[in-house]
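To be precise, the following lines are structure-v4.txt, and they hold compact mmCIF, C-alpha atoms.
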```
# COMPACT_ATOMS: atom_id res chain seq x y z
CA LEU A 20 139.51 81.40 126.78
CA TRP A 21 136.00 79.97 126.76
CA MET A 22 136.04 77.22 129.41
CA PRO A 23 135.52 77.59 132.22
CA PHE A 24 133.61 80.84 131.64
CA PRO A 25 134.32 83.33 134.46
CA GLU A 26 131.62 84.80 136.64
CA PRO A 27 130.57 88.29 135.38
CA LYS A 28 131.48 89.96 138.65
CA MET A 29 135.04 88.66 138.39
CA ILE A 30 135.72 90.15 134.96
CA SER A 31 137.66 93.42 134.79
CA ASN A 32 136.91 96.26 132.37
CA ARG A 33 139.88 95.31 130.21
CA SER A 34 138.87 91.65 130.19
CA VAL A 35 135.36 92.48 129.03
CA ALA A 36 136.68 94.67 126.21
CA LEU A 37 139.12 91.96 125.17
CA LEU A 38 136.36 89.37 125.32
CA CYS A 39 134.17 91.42 123.00
CA ILE A 40 136.99 91.83 120.48
CA LEU A 41 137.85 88.15 120.63
CA VAL A 42 134.27 87.27 119.76
CA LEU A 43 134.48 89.46 116.66
CA LEU A 44 137.80 87.94 115.72
CA GLU A 45 136.64 84.42 116.41
CA THR A 46 133.41 84.69 114.45
CA VAL A 47 134.85 86.71 111.58
CA THR A 48 137.71 84.29 110.99
CA ILE A 49 135.60 81.14 111.28
CA ALA A 50 133.14 81.60 108.50
CA PHE A 51 132.73 81.54 104.74
CA HIS A 52 129.01 81.62 103.83
CA LEU A 53 127.53 83.90 106.49
CA ASP A 54 126.22 80.72 108.10
CA THR A 55 127.25 81.58 111.65
CA GLN A 56 125.05 84.01 113.52
CA VAL A 57 125.38 85.98 116.74
CA ARG A 58 122.17 87.53 118.05
CA VAL A 59 122.19 89.24 121.42
CA SER A 60 119.91 91.69 123.17
CA GLY A 61 120.50 93.61 126.35
CA TYR A 62 118.71 95.90 128.76
CA ALA A 63 120.02 98.17 131.47
CA VAL A 64 118.55 100.83 133.73
CA THR A 65 120.28 103.17 136.15
CA PRO A 66 118.82 105.47 138.82
CA VAL A 67 119.38 109.20 138.51
CA ASP A 68 119.84 111.28 141.65
CA VAL A 69 118.33 114.66 140.91
CA PRO A 70 120.24 117.43 142.76
CA THR A 71 118.06 118.69 145.60
CA HIS A 72 119.15 122.32 145.32
CA ILE A 73 117.99 122.93 141.74
CA ASP A 74 114.71 124.28 140.43
CA LEU A 75 112.70 121.19 139.46
CA ASP A 76 111.10 123.13 136.61
CA SER A 77 114.44 123.79 134.91
CA ASN A 78 117.49 121.71 134.00
CA THR A 79 115.41 118.55 134.20
CA LEU A 80 116.46 115.10 133.06
CA THR A 81 114.23 115.53 130.01
CA ASP A 82 116.03 118.79 129.17
CA TYR A 83 119.34 116.98 129.44
CA MET A 84 118.33 114.00 127.28
CA ARG A 85 117.06 116.38 124.60
CA LEU A 86 120.30 118.33 124.32
CA PRO A 87 121.67 118.79 120.75
CA LEU A 88 123.29 115.70 119.32
CA GLU A 89 126.72 117.35 119.33
CA GLN A 90 126.84 117.04 123.11
CA TYR A 91 126.79 113.23 122.97
CA ALA A 92 130.41 113.42 121.86
CA LEU A 93 131.18 114.89 125.31
CA VAL A 94 129.59 112.13 127.40
CA PRO A 95 132.14 109.96 129.26
CA MET A 96 132.54 106.56 127.58
CA PRO A 97 133.33 103.24 129.28
CA LEU A 98 136.63 101.41 128.77
CA ASN A 99 138.37 104.62 127.62
CA ALA A 100 136.57 104.46 124.30
CA THR A 101 136.18 107.61 122.22
CA LEU A 102 133.03 108.99 120.63
CA SER A 103 133.36 111.65 117.93
CA ARG A 104 130.80 113.32 115.69
CA ILE A 105 131.18 113.01 111.94
CA PRO A 106 130.80 116.53 110.53
CA ARG A 107 127.59 117.82 108.95
CA ASN A 108 125.31 114.88 109.80
CA ASN A 109 123.91 112.91 112.70
CA LYS A 110 126.56 110.19 112.58
CA PHE A 111 129.03 109.37 115.32
CA GLU A 112 132.14 107.21 115.31
CA LEU A 113 132.85 104.98 118.29
CA CYS A 114 136.42 103.72 118.66
CA VAL A 115 137.35 101.08 121.19
CA PRO A 116 140.98 101.35 122.37
CA PRO A 117 143.38 98.95 120.59
CA MET A 118 143.58 95.56 122.25
CA ARG A 119 146.20 92.85 121.88
CA PHE A 120 145.44 89.17 121.42
CA LEU A 121 148.47 86.94 120.92
CA TRP A 122 150.33 88.70 118.06
CA LEU A 123 147.32 90.74 116.91
CA GLU A 124 146.36 94.32 117.66
CA VAL A 125 142.70 94.97 116.94
CA GLN A 126 140.59 98.12 117.19
CA PRO A 127 136.86 98.00 116.34
CA VAL A 128 135.43 101.20 114.82
CA VAL A 129 131.65 101.59 114.64
CA GLU A 130 129.83 104.29 112.67
CA ALA A 131 126.37 104.97 114.07
CA ASP A 132 123.37 107.17 113.29
CA VAL A 133 121.79 109.01 116.23
CA ALA A 134 118.20 110.23 116.10
CA LEU A 135 116.82 112.48 118.82
CA GLU A 136 113.07 112.02 119.32
CA PRO A 137 110.74 113.63 121.91
CA HIS A 138 110.78 110.66 124.28
CA ARG A 139 113.75 108.57 123.21
CA VAL A 140 117.17 108.58 121.57
CA VAL A 141 117.72 105.96 118.86
CA ILE A 142 121.24 104.80 117.95
CA SER A 143 121.61 102.47 114.97
CA SER A 144 124.52 101.13 112.96
CA ASP A 145 125.31 98.73 110.14
CA LYS A 146 128.94 99.73 109.75
CA CYS A 147 131.77 98.21 111.76
CA ARG A 148 135.36 97.78 110.69
CA LEU A 149 138.38 96.24 112.37
CA ILE A 150 141.74 97.98 112.09
CA GLY A 151 145.12 97.09 113.54
CA SER A 152 147.55 94.34 112.64
CA PRO A 153 148.36 93.61 108.94
CA PHE A 154 146.86 90.13 109.46
CA LEU A 155 143.39 91.67 109.40
CA SER A 156 143.90 92.99 105.87
CA LYS A 157 145.68 89.85 104.73
CA VAL A 158 142.64 87.68 105.45
CA HIS A 159 140.16 90.36 104.30
CA MET A 160 138.66 90.45 107.76
CA ASN A 161 136.24 93.29 107.11
CA GLU A 162 134.74 91.50 104.10
CA ARG A 163 133.75 88.46 106.10
CA PHE A 164 130.98 89.68 108.35
CA ASN A 165 127.77 91.68 108.36
CA PHE A 166 127.04 93.81 111.39
CA SER A 167 124.01 95.67 112.69
CA ALA A 168 123.23 97.26 116.05
CA TYR A 169 120.26 99.09 117.50
CA THR A 170 120.05 100.89 120.83
CA GLU A 171 117.16 102.85 122.28
CA LEU A 172 117.61 105.22 125.21
CA THR A 173 114.56 106.24 127.25
CA TRP A 174 114.12 107.98 130.56
CA ASN A 175 111.68 108.44 133.42
CA ASP A 176 111.80 112.06 134.55
CA ALA A 177 110.17 111.82 137.98
CA ARG A 178 112.10 114.90 139.16
CA ASN A 179 113.08 113.04 142.32
CA LYS A 180 115.13 110.00 143.34
CA ASN A 181 112.86 107.73 141.27
CA SER A 182 114.17 109.14 137.99
CA THR A 183 115.90 106.63 135.72
CA ILE A 184 117.64 106.26 132.34
CA SER A 185 117.17 102.99 130.43
CA ALA A 186 118.78 101.39 127.41
CA GLN A 187 117.64 98.51 125.26
CA ALA A 188 120.00 97.13 122.62
CA LEU A 189 120.23 94.48 119.92
CA ILE A 190 123.36 93.36 118.05
CA GLU A 191 123.34 91.00 115.06
CA VAL A 192 126.47 89.61 113.40
CA ASP A 193 126.53 87.18 110.44
CA VAL A 194 129.95 85.70 109.69
CA ASP A 195 131.76 83.35 107.32
CA ARG A 196 133.73 80.24 108.28
CA PRO A 197 136.78 79.64 106.06
CA PHE A 198 138.94 76.57 106.35
CA PRO A 199 140.21 75.28 108.75
CA PHE A 200 137.57 76.61 111.13
CA ARG A 201 134.75 75.17 109.01
CA THR A 202 135.24 71.84 110.80
CA MET A 203 134.27 73.42 114.14
CA PRO A 204 130.63 72.89 115.23
CA LYS A 205 128.58 75.90 114.18
CA ARG A 206 126.23 75.69 117.17
CA ALA A 207 129.14 75.70 119.60
CA ILE A 208 130.59 78.80 117.97
CA GLU A 209 127.24 80.58 118.06
CA LYS A 210 126.65 79.66 121.70
CA VAL A 211 130.06 80.97 122.74
CA GLY A 212 129.63 84.13 120.66
CA ASN A 213 126.19 84.88 122.05
CA THR A 214 127.33 84.38 125.64
CA ALA A 215 130.40 86.57 125.31
CA MET A 216 128.63 89.32 123.37
CA ARG A 217 125.75 89.43 125.84
CA LEU A 218 128.12 89.80 128.77
CA SER A 219 130.04 92.56 127.02
CA MET A 220 126.91 94.39 125.91
CA ASN A 221 125.37 94.42 129.38
CA PHE A 222 128.58 95.75 130.91
CA ILE A 223 128.94 98.52 128.33
CA LEU A 224 125.27 99.53 128.57
CA LYS A 225 125.43 99.75 132.35
CA SER A 226 128.66 101.75 132.31
CA PHE A 227 127.39 104.16 129.66
CA LEU A 228 124.14 104.83 131.56
CA GLN A 229 126.08 105.47 134.77
CA GLY A 230 128.18 107.98 132.85
CA LEU A 231 125.05 109.71 131.58
CA ALA A 232 123.54 109.86 135.08
CA SER A 233 126.71 111.34 136.58
CA ASP A 234 127.05 113.85 133.76
CA TYR A 235 123.43 114.94 134.20
CA GLN A 236 123.96 115.59 137.91
CA ARG A 237 126.85 117.91 137.15
CA TRP A 238 125.07 119.56 134.22
CA ALA A 239 121.93 120.23 136.29
CA SER A 240 123.72 121.76 139.26
CA ASP A 241 126.65 123.65 137.70
CA ALA A 242 125.85 126.65 135.47
CA THR A 243 129.51 127.05 134.49
CA TYR A 244 129.64 123.44 133.37
CA ARG A 245 126.46 123.87 131.30
CA ALA A 246 127.94 126.88 129.55
CA ARG A 247 131.21 125.09 128.89
CA ARG A 248 129.35 122.08 127.51
CA SER A 249 127.43 124.30 125.11
CA GLU A 250 130.64 125.93 123.87
CA LEU A 251 132.33 122.59 123.29
CA ALA A 252 129.26 121.20 121.57
CA ILE A 253 129.43 124.04 119.05
CA GLN A 254 133.10 123.23 118.43
CA VAL A 255 132.33 119.53 117.96
CA GLY A 256 129.56 120.34 115.50
CA CYS A 257 131.74 122.67 113.46
CA TYR A 258 134.93 120.59 113.24
CA ASN A 259 135.68 119.15 109.82
CA ASP A 260 138.67 117.03 110.80
CA SER A 261 139.77 114.65 113.54
CA HIS A 262 140.41 117.24 116.23
CA THR A 263 139.63 116.02 119.71
CA VAL A 264 137.73 118.26 122.10
CA GLU A 265 138.35 117.46 125.75
CA LEU A 266 136.11 118.43 128.61
CA SER A 267 138.01 119.23 131.78
CA SER A 268 136.91 117.38 134.91
CA SER A 269 137.76 120.37 137.04
```

Serialized structure, structure tokens:
Amino acid sequence: LWMPFPEPKMISNRSVALLCILVLLETVTIAFHLDTQVRVSGYAVTPVDVPTHIDLDSNTLTDYMRLPLEQYALVPMPLNATLSRIPRNNKFELCVPPMRFLWLEVQPVVEADVALEPHRVVISSDKCRLIGSPFLSKVHMNERFNFSAYTELTWNDARNKNSTISAQALIEVDVDRPFPFRTMPKRAIEKVGNTAMRLSMNFILKSFLQGLASDYQRWASDATYRARRSELAIQVGCYNDSHTVELSSS
């Protein structure tokens, strides 16, 4: 899996998602005293094409980025992941589609807080759990790592083709190394984990920002879409169960 490491441009969406999950599996199952650390940071920026036929004083990029938090659950996610709002608070749950590795099926689930500020959106999390194959419970997988993540979204609303959306992120994972993986060099594990996580993070950040930029273009230029988004946001905010609200692409 790790050598030789493929060039980033040659890795498919599914491969990147699998790589990210394998890093979690690898680090979680190779530790015992939280002595193995993964620390990665990432940055991405994407241009935003502002529709030329709209009023530049309305439906701006700033207006879009300051939409109620409920509407984040309607933004397209990379790798067919799902983002749902946890009722009655500012928390969201991100679920990556189940992936298979050898005999294991693994699905990471991250619970994150989202704070909307005048000039940025802050996403933070210290809760991640792995669900899937019985093996995960058998080895107490979710008790063997500490997880934290921080992402900050900012934007430059130039109201022309120089507008941009940026994201800066940091992920920290501390893991245990139970036998027999304790005999593996800790530095080698950390180096591999940092490399794989950084590649995955950069891909996900870039894909998410591209989704935001595309969604803004449609939101700014289509009044019907804006109205539909508002209606669905109200539904997302009011749901008290696991209902899924889908936004038609038509």

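Here atom CA of Met96 of chain A stands at a distance of 21.3 Å from atom CA of Phe166 of chain A.
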
> In Å to one decimal, how far is atom CA of Pro70 of chain A from atom CA of Asp234 of chain A?
Replying inline: 11.8 Å

>> Please report the interatomic distance between atom CA of Gly151 of chain A and atom CA of Val115 of chain A in Å with one decimal.
In response: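 Taking atom CA of Gly151 of chain A as the start and atom CA of Val115 of chain A as the end point, the length is 11.6 Å.
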
Starting from 6 Å padding per side, set up an axis-aligned box that covers all listed atoms of segment 81-88 of chain A and hand over centre and edge lengths in Å, one decimal, as AutoDock Vina command-line options.
```
--center_x 118.8 --center_y 116.4 --center_z 124.7 --size_x 21.1 --size_y 16.8 --size_z 22.7
```

Given the point (127.0, 89.0, 115.7) in the coordinates of this file, which residues lie within 6 Å, counting all atoms listed in the file, and how would they look as an mmCIF file with C-alpha atoms, keeping the file's coordinate frame?
```cif
data_model
loop_
_atom_site.group_PDB
_atom_site.id
_atom_site.type_symbol
_atom_site.label_atom_id
_atom_site.label_comp_id
_atom_site.auth_asym_id
_atom_site.auth_seq_id
_atom_site.Cartn_x
_atom_site.Cartn_y
_atom_site.Cartn_z
ATOM 1 C CA GLN A 56 125.050 84.010 113.520
ATOM 2 C CA VAL A 57 125.380 85.980 116.740
ATOM 3 C CA ARG A 58 122.170 87.530 118.050
ATOM 4 C CA GLU A 191 123.340 91.000 115.060
ATOM 5 C CA VAL A 192 126.470 89.610 113.400
ATOM 6 C CA ASP A 193 126.530 87.180 110.440
#
```

> Counting only C-alpha atoms, what is within 12 Å of Gln90 of chain A, bar same-chain residues fewer than 3 positions away, as a PyMOL selection string?
Replying inline: chain A and resi 83-87+93-95+102-104+109+111+133+135+231+234-235+238+245-256+264-266

Deliver the residues from the most recent selection as a file, using C-alpha atoms, as a short mmCIF file (atom, residue, chain, number, x, y, z; two decimals), in the coordinates of the input.
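So the final result, stored in out-v1.cif, reads:
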```
data_model
loop_
_atom_site.label_atom_id
_atom_site.label_comp_id
_atom_site.auth_asym_id
_atom_site.auth_seq_id
_atom_site.Cartn_x
_atom_site.Cartn_y
_atom_site.Cartn_z
CA TYR A 83 119.34 116.98 129.44
CA MET A 84 118.33 114.00 127.28
CA ARG A 85 117.06 116.38 124.60
CA LEU A 86 120.30 118.33 124.32
CA PRO A 87 121.67 118.79 120.75
CA LEU A 93 131.18 114.89 125.31
CA VAL A 94 129.59 112.13 127.40
CA PRO A 95 132.14 109.96 129.26
CA LEU A 102 133.03 108.99 120.63
CA SER A 103 133.36 111.65 117.93
CA ARG A 104 130.80 113.32 115.69
CA ASN A 109 123.91 112.91 112.70
CA PHE A 111 129.03 109.37 115.32
CA VAL A 133 121.79 109.01 116.23
CA LEU A 135 116.82 112.48 118.82
CA LEU A 231 125.05 109.71 131.58
CA ASP A 234 127.05 113.85 133.76
CA TYR A 235 123.43 114.94 134.20
CA TRP A 238 125.07 119.56 134.22
CA ARG A 245 126.46 123.87 131.30
CA ALA A 246 127.94 126.88 129.55
CA ARG A 247 131.21 125.09 128.89
CA ARG A 248 129.35 122.08 127.51
CA SER A 249 127.43 124.30 125.11
CA GLU A 250 130.64 125.93 123.87
CA LEU A 251 132.33 122.59 123.29
CA ALA A 252 129.26 121.20 121.57
CA ILE A 253 129.43 124.04 119.05
CA GLN A 254 133.10 123.23 118.43
CA VAL A 255 132.33 119.53 117.96
CA GLY A 256 129.56 120.34 115.50
CA VAL A 264 137.73 118.26 122.10
CA GLU A 265 138.35 117.46 125.75
CA LEU A 266 136.11 118.43 128.61
#
```

>> When you count only C-alpha atoms, which of these residues is closest to Thr79 of chain A: A:Val67, A:Met203, A:Ala186, A:Leu113?
In response: A:Val67

>> Residues within 9 Å of Leu155 of chain A, please, as a PyMOL selection string. Count all atoms listed in the file; anything in the same chain fewer than 5 positions from it doesn't count.
In response: chain A and resi 123+125+149-150+160-161

>> Is it possible to get the residues within 6 Å of (122.6, 95.5, 118.1) (coordinates as in the file, counting all atoms listed in the file) written as a ChimeraX atom specification?
In response: /A:167-169,188-191

>> Restricting the calculation to all atoms listed in the file: of A:Ser219, A:Gln187, A:Ser182, A:Ser77, which residue gets closest to Ser60 of chain A?
In response: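 Of all the options, A:Gln187 lies closest to Ser60 of chain A.
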
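Shortest atom-to-atom contact with Val128 of chain A among A:Asn78, A:Thr101, A:Gln229, A:Asn108: A:Thr101, counting all atoms listed in the file.
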